[in-house]
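Visitor: File structure36.cif below, mmCIF, C-alpha atoms:
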data_model
#
loop_
_atom_site.label_atom_id
_atom_site.label_comp_id
_atom_site.auth_asym_id
_atom_site.auth_seq_id
_atom_site.Cartn_x
_atom_site.Cartn_y
_atom_site.Cartn_z
CA MET U 427 2.44 -19.70 -42.37
CA ASN U 428 5.03 -22.49 -42.78
CA GLN U 429 5.99 -24.98 -45.43
CA LEU U 430 4.58 -28.50 -45.41
CA GLY U 431 6.28 -30.77 -42.86
CA VAL U 432 6.67 -27.99 -40.28
CA TYR U 433 4.14 -28.27 -37.48
CA SER U 434 2.80 -25.05 -35.95
CA VAL U 435 1.23 -25.31 -32.48
CA ILE U 436 -0.92 -22.20 -32.10
CA LEU U 437 -2.48 -21.08 -28.85
CA THR U 438 -5.81 -19.23 -29.22
CA GLU U 439 -8.34 -18.08 -26.66
CA LEU U 440 -10.68 -20.94 -27.64
CA GLY U 441 -8.19 -23.80 -27.88
CA ILE U 442 -4.91 -25.10 -29.31
CA SER U 443 -4.50 -25.82 -33.01
CA VAL U 444 -1.84 -27.87 -34.79
CA PHE U 445 -1.13 -26.88 -38.40
CA ASN U 446 0.98 -28.85 -40.85
CA GLY U 447 2.20 -26.08 -43.06
CA ASP U 448 -0.91 -24.00 -43.87
CA LYS U 449 -3.35 -26.87 -43.32
CA PRO U 450 -5.09 -27.48 -39.96
CA GLU U 451 -4.32 -31.02 -38.83
CA LYS U 452 -5.58 -31.31 -35.24
CA SER U 453 -7.55 -29.14 -32.82
CA PHE U 454 -7.84 -29.25 -29.02
CA PRO U 455 -10.76 -27.03 -27.93
CA PHE U 456 -10.95 -25.71 -24.36
CA ARG U 457 -13.85 -26.91 -22.22
CA ASP U 458 -13.46 -23.91 -19.92
CA MET U 459 -11.89 -21.18 -22.05
CA VAL U 460 -10.75 -18.79 -19.34
CA LYS U 461 -9.59 -21.36 -16.80
CA GLU U 462 -7.54 -23.45 -19.25
CA TYR U 463 -6.09 -20.43 -21.08
CA VAL U 464 -4.96 -18.82 -17.80
CA ALA U 465 -3.49 -22.13 -16.61
CA ILE U 466 -1.35 -22.31 -19.77
CA LYS U 467 -0.22 -18.69 -19.34
CA LYS U 468 0.78 -19.46 -15.74
CA LYS U 469 2.56 -22.65 -16.92
CA GLN U 470 0.38 -24.78 -14.65
CA ALA U 471 -1.65 -26.73 -17.24
CA ARG U 472 -1.42 -30.41 -18.14
CA LEU U 473 -1.61 -30.97 -21.90
CA ASP U 474 -1.70 -34.76 -22.06
CA GLU U 475 -3.70 -35.05 -25.31
CA LEU U 476 -1.49 -32.52 -27.12
CA VAL U 477 1.70 -34.12 -25.81
CA ASN U 478 0.57 -37.60 -26.90
CA TYR U 479 -0.20 -36.26 -30.35
CA LEU U 480 3.15 -34.46 -30.74
CA ALA U 481 5.30 -37.17 -29.14
CA PRO U 482 5.77 -39.25 -32.37
CA ILE U 483 6.92 -36.13 -34.24
CA GLN U 484 10.66 -35.84 -33.81
CA ARG U 485 11.37 -32.37 -35.20
CA GLY U 486 9.95 -29.34 -36.97
CA ILE U 487 7.60 -28.21 -34.17
CA LYS U 488 7.10 -24.50 -33.62
CA THR U 489 4.80 -22.73 -31.22
CA SER U 490 3.43 -19.20 -31.04
CA ASP U 491 3.49 -18.77 -27.24
CA GLU U 492 6.37 -18.84 -24.74
CA SER U 493 4.27 -20.37 -21.93
CA LEU U 494 3.09 -23.14 -24.23
CA LEU U 495 6.69 -23.71 -25.32
CA ALA U 496 7.79 -24.11 -21.69
CA LEU U 497 5.05 -26.68 -21.03
CA LEU U 498 5.95 -28.69 -24.15
CA ARG U 499 9.65 -28.73 -23.31
CA LYS U 500 8.78 -29.82 -19.78
CA GLU U 501 7.17 -32.89 -21.39
CA SER U 502 10.31 -33.51 -23.51
CA ILE U 503 8.76 -32.23 -26.74
CA ASP U 504 11.46 -30.78 -28.99
CA ALA U 505 9.89 -27.44 -29.96
CA GLU U 506 11.02 -23.90 -30.61
CA LEU U 507 9.44 -20.45 -30.63
CA MET U 508 8.30 -18.89 -33.89
CA GLU U 509 9.94 -15.78 -35.24
CA GLU U 510 8.33 -12.42 -34.50
CA SER U 511 7.11 -11.98 -38.07
CA GLU U 512 5.32 -15.34 -37.91
CA ILE U 513 3.72 -14.50 -34.55
CA GLU U 514 2.52 -11.15 -35.90
CA GLU U 515 1.02 -12.89 -38.93
CA ILE U 516 -0.84 -15.32 -36.65
CA GLN U 517 -2.21 -12.47 -34.52
CA THR U 518 -3.42 -10.69 -37.63
CA SER U 519 -5.19 -13.76 -39.03
CA LYS U 520 -6.32 -15.25 -35.71
CA PRO U 521 -10.10 -15.10 -36.43
CA GLN U 522 -9.62 -17.11 -39.62
CA ILE U 523 -7.32 -19.58 -37.82
CA ILE U 524 -10.04 -20.13 -35.20
CA VAL U 525 -12.59 -20.82 -37.96
CA ASP U 526 -10.19 -23.19 -39.80
CA SER U 527 -9.53 -25.03 -36.52
CA GLY U 528 -13.25 -25.70 -36.06
CA PHE U 529 -13.64 -23.62 -32.88
CA ALA U 530 -16.30 -21.48 -34.60
CA GLU U 531 -18.35 -21.65 -37.80
CA ASN U 532 -17.74 -18.11 -39.04
CA ILE U 533 -16.03 -14.83 -38.21
CA GLN U 534 -19.14 -13.42 -36.53
CA GLU U 535 -19.27 -16.34 -34.12
CA VAL U 536 -15.52 -15.93 -33.46
CA LEU U 537 -16.04 -12.31 -32.44
CA GLU U 538 -18.91 -13.25 -30.13
CA LYS U 539 -16.87 -15.99 -28.45
CA LEU U 540 -13.85 -13.71 -28.07
CA ARG U 541 -16.08 -11.11 -26.45
CA ASP U 542 -17.38 -13.71 -23.97
CA PHE U 543 -13.79 -14.78 -23.32
CA SER U 544 -12.72 -11.18 -22.58
CA LEU U 545 -15.57 -10.67 -20.12
CA GLY U 546 -14.80 -13.96 -18.39
CA LEU U 547 -11.07 -13.17 -18.20
CA SER U 548 -11.76 -9.74 -16.66
CA SER U 549 -14.11 -11.30 -14.11
CA ALA U 550 -11.52 -13.96 -13.23
CA LYS U 551 -8.82 -11.31 -12.70
CA VAL U 552 -11.10 -9.29 -10.43
CA SER U 553 -11.89 -12.41 -8.40
CA GLU U 554 -8.19 -13.26 -8.16
CA VAL U 555 -7.27 -9.78 -6.93
CA SER U 556 -10.16 -9.73 -4.45
CA ALA U 557 -9.04 -13.05 -2.99
CA SER U 558 -5.45 -11.85 -2.54
CA PRO U 559 -4.29 -11.84 1.11
CA ASP U 560 -2.74 -8.41 0.51
CA MET U 561 -6.16 -6.86 -0.08
CA HIS U 562 -7.54 -8.33 3.15
CA ILE U 563 -4.58 -6.98 5.11
CA VAL U 564 -5.14 -3.56 3.53
CA GLN U 565 -8.81 -3.58 4.51
CA ALA U 566 -8.00 -4.70 8.05
CA ILE U 567 -5.43 -1.94 8.67
CA THR U 568 -7.79 0.63 7.12
CA MET U 569 -10.54 -0.47 9.50
CA LEU U 570 -8.09 -0.29 12.40
CA ASP U 571 -7.23 3.33 11.59
CA GLU U 572 -10.93 4.20 11.23
CA ILE U 573 -11.66 2.68 14.64
CA ASP U 574 -8.84 4.73 16.18
CA ARG U 575 -10.17 7.91 14.57
CA THR U 576 -13.75 7.25 15.73
CA ALA U 577 -12.63 6.27 19.22
CA ASN U 578 -10.63 9.48 19.59
CA ILE U 579 -13.65 11.58 18.58
CA LEU U 580 -15.99 9.72 20.96
CA SER U 581 -13.45 9.84 23.77
CA SER U 582 -13.04 13.59 23.39
CA GLY U 583 -16.80 14.10 23.57
CA LEU U 584 -17.07 11.73 26.53
CA ARG U 585 -14.42 13.62 28.48
CA GLU U 586 -16.15 16.94 27.85
CA TRP U 587 -19.58 15.60 28.81
CA TYR U 588 -18.60 13.59 31.91
CA GLY U 589 -16.09 16.33 32.76
CA LEU U 590 -19.00 18.62 33.62
CA HIS U 591 -19.73 16.24 36.49
CA PHE U 592 -16.17 15.11 37.37
CA PRO U 593 -13.65 17.52 35.77
CA GLU U 594 -10.68 16.39 37.90
CA LEU U 595 -10.71 12.93 36.28
CA GLU U 596 -9.37 14.42 33.01
CA ASN U 597 -5.92 15.06 34.52
CA ILE U 598 -5.71 11.73 36.34
CA VAL U 599 -6.72 9.17 33.67
CA ASP U 600 -5.11 9.44 30.22
CA GLY U 601 -6.17 6.24 28.47
CA ILE U 602 -9.42 5.96 26.52
CA ASN U 603 -10.32 2.55 27.91
CA GLY U 604 -9.49 3.48 31.50
CA TYR U 605 -11.58 6.64 31.36
CA ALA U 606 -14.52 4.71 29.87
CA GLN U 607 -14.24 2.07 32.60
CA THR U 608 -14.39 4.80 35.24
CA VAL U 609 -17.45 6.38 33.63
CA LEU U 610 -19.22 3.00 33.76
CA GLY U 611 -18.88 3.23 37.54
CA GLY U 612 -21.57 5.94 37.49
CA ARG U 613 -21.57 9.18 39.46
CA ARG U 614 -18.40 10.29 41.22
CA ASP U 615 -19.86 9.64 44.67
CA THR U 616 -20.71 6.01 43.72
CA LEU U 617 -17.15 5.15 42.63
CA THR U 618 -15.60 2.56 44.94
CA LYS U 619 -12.20 0.99 45.33
CA ASP U 620 -13.46 -2.34 43.95
CA ILE U 621 -14.87 -0.71 40.78
CA LEU U 622 -11.62 1.14 40.03
CA THR U 623 -9.46 -1.92 40.83
CA ASP U 624 -11.53 -4.06 38.44
CA ALA U 625 -10.99 -1.35 35.79
CA GLY U 626 -7.25 -2.12 35.98
CA PHE U 627 -5.97 0.92 37.91
CA PRO U 628 -3.05 0.52 40.34
CA GLU U 629 -3.68 1.22 44.00
CA SER U 630 -1.97 4.62 43.93
CA LYS U 631 -4.20 5.85 41.11
CA VAL U 632 -7.31 4.43 42.77
CA GLU U 633 -6.60 6.55 45.83
CA MET U 634 -6.05 9.65 43.66
CA ILE U 635 -9.37 9.15 41.86
CA LEU U 636 -11.32 8.60 45.09
CA LEU U 637 -9.71 11.66 46.71
CA ALA U 638 -10.49 13.81 43.65
CA ALA U 639 -14.07 12.51 43.61
CA SER U 640 -14.64 13.46 47.24
CA ASN U 641 -13.34 17.01 46.66
CA SER U 642 -14.67 17.56 43.13
CA ASN U 643 -15.98 20.93 42.00
CA GLY U 644 -18.15 19.41 39.25
CA GLY U 645 -21.90 19.80 39.06
CA ASP U 646 -24.60 17.19 39.42
CA ILE U 647 -25.70 15.02 36.49
CA THR U 648 -29.23 13.79 35.80
CA ASP U 649 -30.10 10.13 35.30
CA SER U 650 -30.90 10.60 31.60
CA ASN U 651 -27.58 12.33 30.89
CA LEU U 652 -25.66 9.75 32.92
CA SER U 653 -27.37 6.93 31.01
CA LEU U 654 -26.24 8.37 27.65
CA VAL U 655 -22.71 9.02 28.90
CA MET U 656 -22.42 5.46 30.18
CA THR U 657 -23.71 4.14 26.82
CA ILE U 658 -20.93 6.03 25.01
CA ALA U 659 -18.37 4.62 27.46
CA GLU U 660 -19.69 1.11 26.85
CA GLN U 661 -19.33 1.57 23.08
CA LEU U 662 -15.74 2.74 23.55
CA ILE U 663 -14.94 -0.40 25.52
CA LYS U 664 -16.46 -2.57 22.77
CA MET U 665 -14.44 -0.68 20.16
CA ASP U 666 -11.28 -1.28 22.16
CA LYS U 667 -12.04 -5.00 22.22
CA LEU U 668 -12.68 -5.00 18.46
CA ARG U 669 -9.45 -3.08 17.89
CA ARG U 670 -7.45 -5.71 19.77
CA GLU U 671 -8.98 -8.46 17.63
CA ILE U 672 -8.12 -6.60 14.39
CA VAL U 673 -4.55 -5.99 15.58
CA LYS U 674 -4.22 -9.70 16.33
CA HIS U 675 -5.58 -10.56 12.89
CA VAL U 676 -3.24 -8.13 11.10
CA GLU U 677 -0.23 -9.55 12.95
CA SER U 678 -1.12 -13.15 12.09
CA GLN U 679 -1.79 -12.31 8.42
CA MET U 680 1.43 -10.31 8.09
CA HIS U 681 3.48 -13.11 9.68
CA GLU U 682 1.87 -15.60 7.30
CA ASN U 683 2.05 -13.64 4.02
CA ALA U 684 4.94 -11.19 4.53
CA PRO U 685 7.16 -12.60 7.30
CA ASN U 686 10.31 -10.76 6.22
CA MET U 687 8.57 -7.39 5.94
CA THR U 688 7.05 -8.02 9.36
CA ALA U 689 10.49 -8.76 10.82
CA VAL U 690 11.93 -5.52 9.42
CA LEU U 691 8.98 -3.15 9.93
CA GLY U 692 6.66 -4.77 12.44
CA ALA U 693 3.15 -5.93 11.58
CA THR U 694 1.29 -2.63 11.89
CA VAL U 695 3.82 -0.42 10.07
CA GLY U 696 4.30 -3.11 7.41
CA ALA U 697 0.53 -3.29 6.82
CA ARG U 698 0.35 0.51 6.44
CA ILE U 699 3.19 0.42 3.90
CA LEU U 700 1.27 -2.28 2.00
CA ARG U 701 -1.88 -0.15 2.02
CA LYS U 702 -0.05 2.91 0.73
CA ALA U 703 1.78 0.96 -1.98
CA GLY U 704 -1.23 -1.13 -3.01
CA SER U 705 0.18 -4.65 -2.74
CA LEU U 706 3.22 -6.68 -1.76
CA LYS U 707 4.34 -6.93 -5.38
CA ARG U 708 4.29 -3.15 -5.75
CA VAL U 709 6.43 -2.77 -2.63
CA ALA U 710 8.89 -5.28 -4.10
CA GLY U 711 9.08 -3.26 -7.33
CA MET U 712 9.59 0.14 -5.68
CA PRO U 713 12.95 1.83 -5.12
CA SER U 714 13.90 2.26 -1.48
CA SER U 715 13.81 6.06 -1.81
CA THR U 716 10.09 5.87 -2.65
CA ILE U 717 9.33 3.63 0.32
CA GLN U 718 11.23 6.02 2.58
CA VAL U 719 8.83 8.90 1.85
CA LEU U 720 5.57 6.93 1.50
CA GLY U 721 2.97 8.88 3.45
CA ALA U 722 4.82 12.20 3.08
CA GLU U 723 3.87 12.96 -0.52
CA LYS U 724 2.54 16.46 0.25
CA ALA U 725 5.77 17.48 1.95
CA LEU U 726 7.80 15.99 -0.91
CA PHE U 727 5.97 17.89 -3.65
CA ARG U 728 6.01 21.05 -1.55
CA SER U 729 9.80 20.78 -1.29
CA LEU U 730 10.09 20.30 -5.05
CA LYS U 731 7.92 23.34 -5.63
CA THR U 732 9.42 25.74 -3.08
CA GLY U 733 12.98 24.44 -2.77
CA SER U 734 12.58 23.67 0.95
CA GLN U 735 14.08 20.65 2.69
CA PRO U 736 12.56 17.35 1.45
CA PRO U 737 11.00 14.98 4.02
CA LYS U 738 13.29 12.38 5.55
CA HIS U 739 10.55 9.86 6.31
CA GLY U 740 6.83 9.26 5.96
CA LEU U 741 5.08 6.26 7.48
CA LEU U 742 8.47 4.94 8.57
CA PHE U 743 8.43 7.53 11.36
CA GLN U 744 6.09 5.11 13.19
CA HIS U 745 8.91 2.54 13.28
CA ALA U 746 10.36 2.26 16.79
CA LEU U 747 13.94 2.64 15.55
CA VAL U 748 13.06 5.93 13.82
CA HIS U 749 10.86 7.85 16.26
CA THR U 750 13.01 6.91 19.28
CA ALA U 751 16.24 8.01 17.58
CA PRO U 752 17.72 11.53 17.86
CA LYS U 753 16.33 13.92 15.27
CA TRP U 754 19.55 14.16 13.22
CA GLN U 755 19.77 10.35 12.89
CA ARG U 756 16.18 9.66 11.79
CA GLY U 757 16.69 10.26 8.08
CA LYS U 758 19.64 7.88 7.87
CA ILE U 759 17.86 5.19 9.89
CA ALA U 760 14.73 5.54 7.74
CA ARG U 761 16.87 5.14 4.62
CA ALA U 762 18.42 1.95 6.02
CA ILE U 763 15.00 0.53 6.95
CA ALA U 764 13.60 1.36 3.50
CA ALA U 765 16.49 -0.45 1.80
CA LYS U 766 15.92 -3.58 3.87
CA THR U 767 12.15 -3.35 3.32
CA VAL U 768 12.59 -3.66 -0.46
CA ILE U 769 14.76 -6.76 -0.06
CA ALA U 770 12.31 -8.25 2.47
CA ALA U 771 9.34 -7.67 0.15
CA ARG U 772 11.13 -9.35 -2.76
CA VAL U 773 11.97 -12.36 -0.61
CA ASP U 774 8.33 -12.58 0.48
CA VAL U 775 7.00 -12.28 -3.09
CA TYR U 776 9.18 -15.06 -4.44
CA GLY U 777 8.62 -17.30 -1.43
CA GLN U 778 12.15 -17.84 -0.20
CA GLY U 779 11.19 -18.21 3.46
CA ILE U 780 12.47 -16.09 6.34
CA ASN U 781 15.84 -14.40 5.88
CA GLU U 782 17.16 -13.87 9.39
CA MET U 783 20.18 -11.91 8.14
CA LEU U 784 17.99 -8.95 7.11
CA LEU U 785 17.11 -7.90 10.65
CA GLU U 786 20.64 -8.55 11.90
CA LYS U 787 22.17 -6.37 9.18
CA LEU U 788 19.60 -3.65 9.84
CA ASN U 789 20.43 -3.60 13.56
CA LEU U 790 24.14 -3.43 12.75
CA ARG U 791 23.55 -0.51 10.40
CA VAL U 792 21.45 1.33 13.00
CA ASP U 793 24.16 0.80 15.62
CA ASP U 794 26.75 2.11 13.19
CA ILE U 795 24.64 5.23 12.54
CA GLY U 796 24.28 5.78 16.27
CA LYS U 797 28.05 5.62 16.83
CA ARG U 798 29.06 7.59 13.76
CA TYR U 799 26.54 10.38 14.27
CA GLU U 800 26.44 10.42 18.03
CA LYS U 801 26.54 14.23 18.21
CA PRO U 802 24.28 16.56 16.22
CA PRO U 803 25.94 18.17 13.18
CA GLU U 804 26.95 21.81 13.29
CA ARG U 805 24.27 24.04 11.86
CA ASP U 806 25.09 25.66 8.54
CA THR U 807 24.87 29.44 8.90
CA HIS U 808 24.98 30.05 5.15
CA PRO U 809 21.64 30.56 3.42
CA ARG U 810 20.37 27.62 1.41
CA HIS U 811 20.35 28.18 -2.36
CA ASP U 812 18.04 26.67 -4.88
CA LYS U 813 19.88 24.83 -7.65
CA ARG U 814 17.21 25.37 -10.28
CA ASP U 815 18.21 28.95 -11.03
CA GLY U 816 21.85 29.21 -10.07
CA GLY U 817 21.22 29.51 -6.33
CA ASN U 818 19.39 32.85 -6.36
CA PHE U 819 15.80 31.65 -6.60
CA ARG U 820 14.44 33.47 -3.54
CA LYS U 821 16.48 36.63 -4.15
CA LYS U 822 15.40 36.92 -7.78
CA ARG U 823 11.79 36.33 -6.87
CA HIS U 824 11.96 38.98 -4.14
CA ASP U 825 13.55 41.50 -6.50
CA PHE U 826 10.96 40.77 -9.16
CA VAL U 827 8.09 41.27 -6.74
CA GLY U 828 9.68 44.46 -5.44
CA LYS U 829 10.15 45.93 -8.92
CA LYS U 830 6.63 45.02 -9.86
CA PHE U 831 5.28 46.67 -6.73
CA LYS U 832 7.35 49.82 -7.30
CA HIS U 833 6.19 50.04 -10.89
CA LYS U 834 2.56 49.82 -9.82
CA SER U 835 2.97 52.39 -7.08
CA GLY U 836 4.70 54.76 -9.52
CA SER U 837 1.92 54.48 -12.06
CA LYS U 838 -0.66 55.25 -9.39
CA SER U 839 1.20 58.39 -8.25
CA LYS U 840 1.30 59.68 -11.83
CA LYS U 841 -2.43 59.19 -12.15
CA ARG U 842 -3.00 61.09 -8.95
CA LYS U 843 -0.87 64.04 -10.20
CA ARG U 844 -2.84 64.21 -13.42
CA PHE U 845 -6.08 64.10 -11.48
CA GLY U 846 -4.87 66.88 -9.24
CA LYS U 847 -3.95 69.11 -12.19
CA ARG U 848 -7.42 68.77 -13.59
#
As structure tokens, please, write out the structure in this file.
Guide:
Amino acid sequence: MNQLGVYSVILTELGISVFNGDKPEKSFPFRDMVKEYVAIKKKQARLDELVNYLAPIQRGIKTSDESLLALLRKESIDAELMEESEIEEIQTSKPQIIVDSGFAENIQEVLEKLRDFSLGLSSAKVSEVSASPDMHIVQAITMLDEIDRTANILSSGLREWYGLHFPELENIVDGINGYAQTVLGGRRDTLTKDILTDAGFPESKVEMILLAASNSNGGDITDSNLSLVMTIAEQLIKMDKLRREIVKHVESQMHENAPNMTAVLGATVGARILRKAGSLKRVAGMPSSTIQVLGAEKALFRSLKTGSQPPKHGLLFQHALVHTAPKWQRGKIARAIAAKTVIAARVDVYGQGINEMLLEKLNLRVDDIGKRYEKPPERDTHPRHDKRDGGNFRKKRHDFVGKKFKHKSGSKSKKRKRFGKR
């Protein structure tokens, strides 16, 4: 290892060892292997006993781990990192070092303890990831989308079923919750002004519903069928209430854990970007071009395969600035939003607080796009060429298919002539 007089501070999975040259001089075993080892790796540990031991030594201290070096220097211990060859030698002979340090009696016991350490470390990482706020936001937005999907299916069935009794209501009430509230009023002839007003309809729509009910062409409905229809409507109202609670929760969690992303994207769109990327750290590590097309992967790979136009946006189409913009401006606006999203995610990951300039610069860029590209561009009348084969991809493929077809048809005609001669 080192010559006598040079102290080596070696971090192992079972504890910290201090060697004077090749001889073990002092050992500091971990009481909780995983917890203390991870704390050192995160540079959050307090090493009072080790620091007190090393404090009288003025020089000649080397360590095998960068995190351990940072902690020692934080405590004013004059230490330096070992060379790569020395670190590799320590890794190779680590089981014997653990035995010499007194952390285990023999190599077999070392291997058993290292196995237990690996299992504990894996379990701790799983627990850490599961407790991450990102994962809870992802689950919440996933549940929100599932509720929307289920509510749409139930609402469609409810409209078809109750529409047999009151078909005119379909064209008057658009919302899921409003339709369900009307169904809870019972048969069309039992609907009153008070029931419809309590459901939240304006006076003009109340009059339309009552007039349509009095002149409806729908058939009668039995008590058993009406009871089931009203039960479905009640479930839809409960789902709407649950949806509002989840939306509120997602907004509060996004404002708390990703305030800058929320400012740029909005809570719901930001949560969907997080779900697609996997975590806030992954969003921070992505290029803006990737974020721009998140959610449009099928269209992207189809364009790469066929040479068609690539998608200009994926989930970002749900952003108010994108879907309300003219069609020819959406790609440029989505690109600007994606660029600011990356910066916002990085600010959120490293905890720098809210950067108010991000949203201001985004709005300025969107205004600039609106002024610069106020009119739609002139359509290009020239055919689009594929760059992969000199611009004649479609033509060559067409010619090849044509030749192949002609060759086959020619061979068939020859066979028929021969058959006819026989």
Visitor: Under the PyMOL selection byres ((chain U and resi 473-486) around 6), which residues of this model are included? Write them out as a ChimeraX atom specification.
Guide: /U:432-433,472,487
Visitor: For Lys667 in chain U, work out the shell of residues within 12 Å, counting all atoms listed in the file and skipping chain neighbours fewer than 6 positions away, then give it as a PDB file with C-alpha atoms, keeping the file's coordinate frame.
Guide:
ATOM      1  CA  LEU U 570      -8.090  -0.290  12.400  1.00  0.00           C
ATOM      2  CA  ILE U 573     -11.660   2.680  14.640  1.00  0.00           C
ATOM      3  CA  ASP U 574      -8.840   4.730  16.180  1.00  0.00           C
ATOM      4  CA  ALA U 577     -12.630   6.270  19.220  1.00  0.00           C
ATOM      5  CA  ASN U 603     -10.320   2.550  27.910  1.00  0.00           C
ATOM      6  CA  GLU U 660     -19.690   1.110  26.850  1.00  0.00           C
ATOM      7  CA  GLN U 661     -19.330   1.570  23.080  1.00  0.00           C
ATOM      8  CA  VAL U 673      -4.550  -5.990  15.580  1.00  0.00           C
ATOM      9  CA  LYS U 674      -4.220  -9.700  16.330  1.00  0.00           C
TER      10      LYS U 674
END
Visitor: Which is closest to Asp600 in chain U among U:Asn578, U:Ser549, U:Ala505, U:Asn643, if we use only C-alpha atoms?
Guide: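 Among the listed residues, the smallest separation from Asp600 in chain U belongs to U:Asn578.
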Visitor: What's the 9 Å shell around range 538-545 of chain U, counting all atoms listed in the file, without same-chain residues fewer than 3 positions away, as a ChimeraX atom specification?
Guide: /U:439-440,459-460,530,533-535,548-550
Visitor: Okay, now the selection with C-alpha atoms, as a compact mmCIF listing (two decimals), keeping the file's coordinate frame?
Guide:
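Saved file again03.txt follows:
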# COMPACT_ATOMS: atom_id res chain seq x y z
CA GLU U 439 -8.34 -18.08 -26.66
CA LEU U 440 -10.68 -20.94 -27.64
CA MET U 459 -11.89 -21.18 -22.05
CA VAL U 460 -10.75 -18.79 -19.34
CA ALA U 530 -16.30 -21.48 -34.60
CA ILE U 533 -16.03 -14.83 -38.21
CA GLN U 534 -19.14 -13.42 -36.53
CA GLU U 535 -19.27 -16.34 -34.12
CA SER U 548 -11.76 -9.74 -16.66
CA SER U 549 -14.11 -11.30 -14.11
CA ALA U 550 -11.52 -13.96 -13.23
Visitor: Record the distance separating CA of Leu636 in chain U and CA of Leu652 in chain U, expressed in Å with one decimal.
Guide: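 So the two atoms, CA of Leu636 in chain U and CA of Leu652 in chain U, lie 18.8 Å apart.
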Visitor: Looking at only C-alpha atoms, which of U:Glu723, U:Leu547, U:Leu580, U:Ala684 is the one that sits closest to Lys461 in chain U?
Guide: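 Counting only C-alpha atoms, the residue closest to Lys461 in chain U is U:Leu547.
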Visitor: With only C-alpha atoms as the atoms that count, which of U:Asp666, U:Asp646, U:Thr576, U:Pro803 lies nearest to Leu590 in chain U?
Guide: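 That would be U:Asp646, the residue with the smallest distance to Leu590 in chain U.
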Visitor: Please enumerate the residues selected by the PyMOL selection byres ((chain U and resi 776) around 12) when evaluated against the supplied file, formatted as a ChimeraX atom specification.
Guide: /U:683-684,686,706-707,710,769-775,777-780
Visitor: Check the smallest atom-to-atom distance from each of U:Ala703, U:Ala697, U:Val690, U:Val444 to Ala765 in chain U using all atoms listed in the file, then report the winner.
Guide: U:Val690
Visitor: Calculated over only C-alpha atoms, which of the candidates U:Met665, U:Leu495, U:Ile503, U:Ile516 has the smallest distance to Glu572 in chain U?
Guide: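 Of U:Met665, U:Leu495, U:Ile503, U:Ile516, the one nearest Glu572 in chain U is U:Met665, counting only C-alpha atoms.
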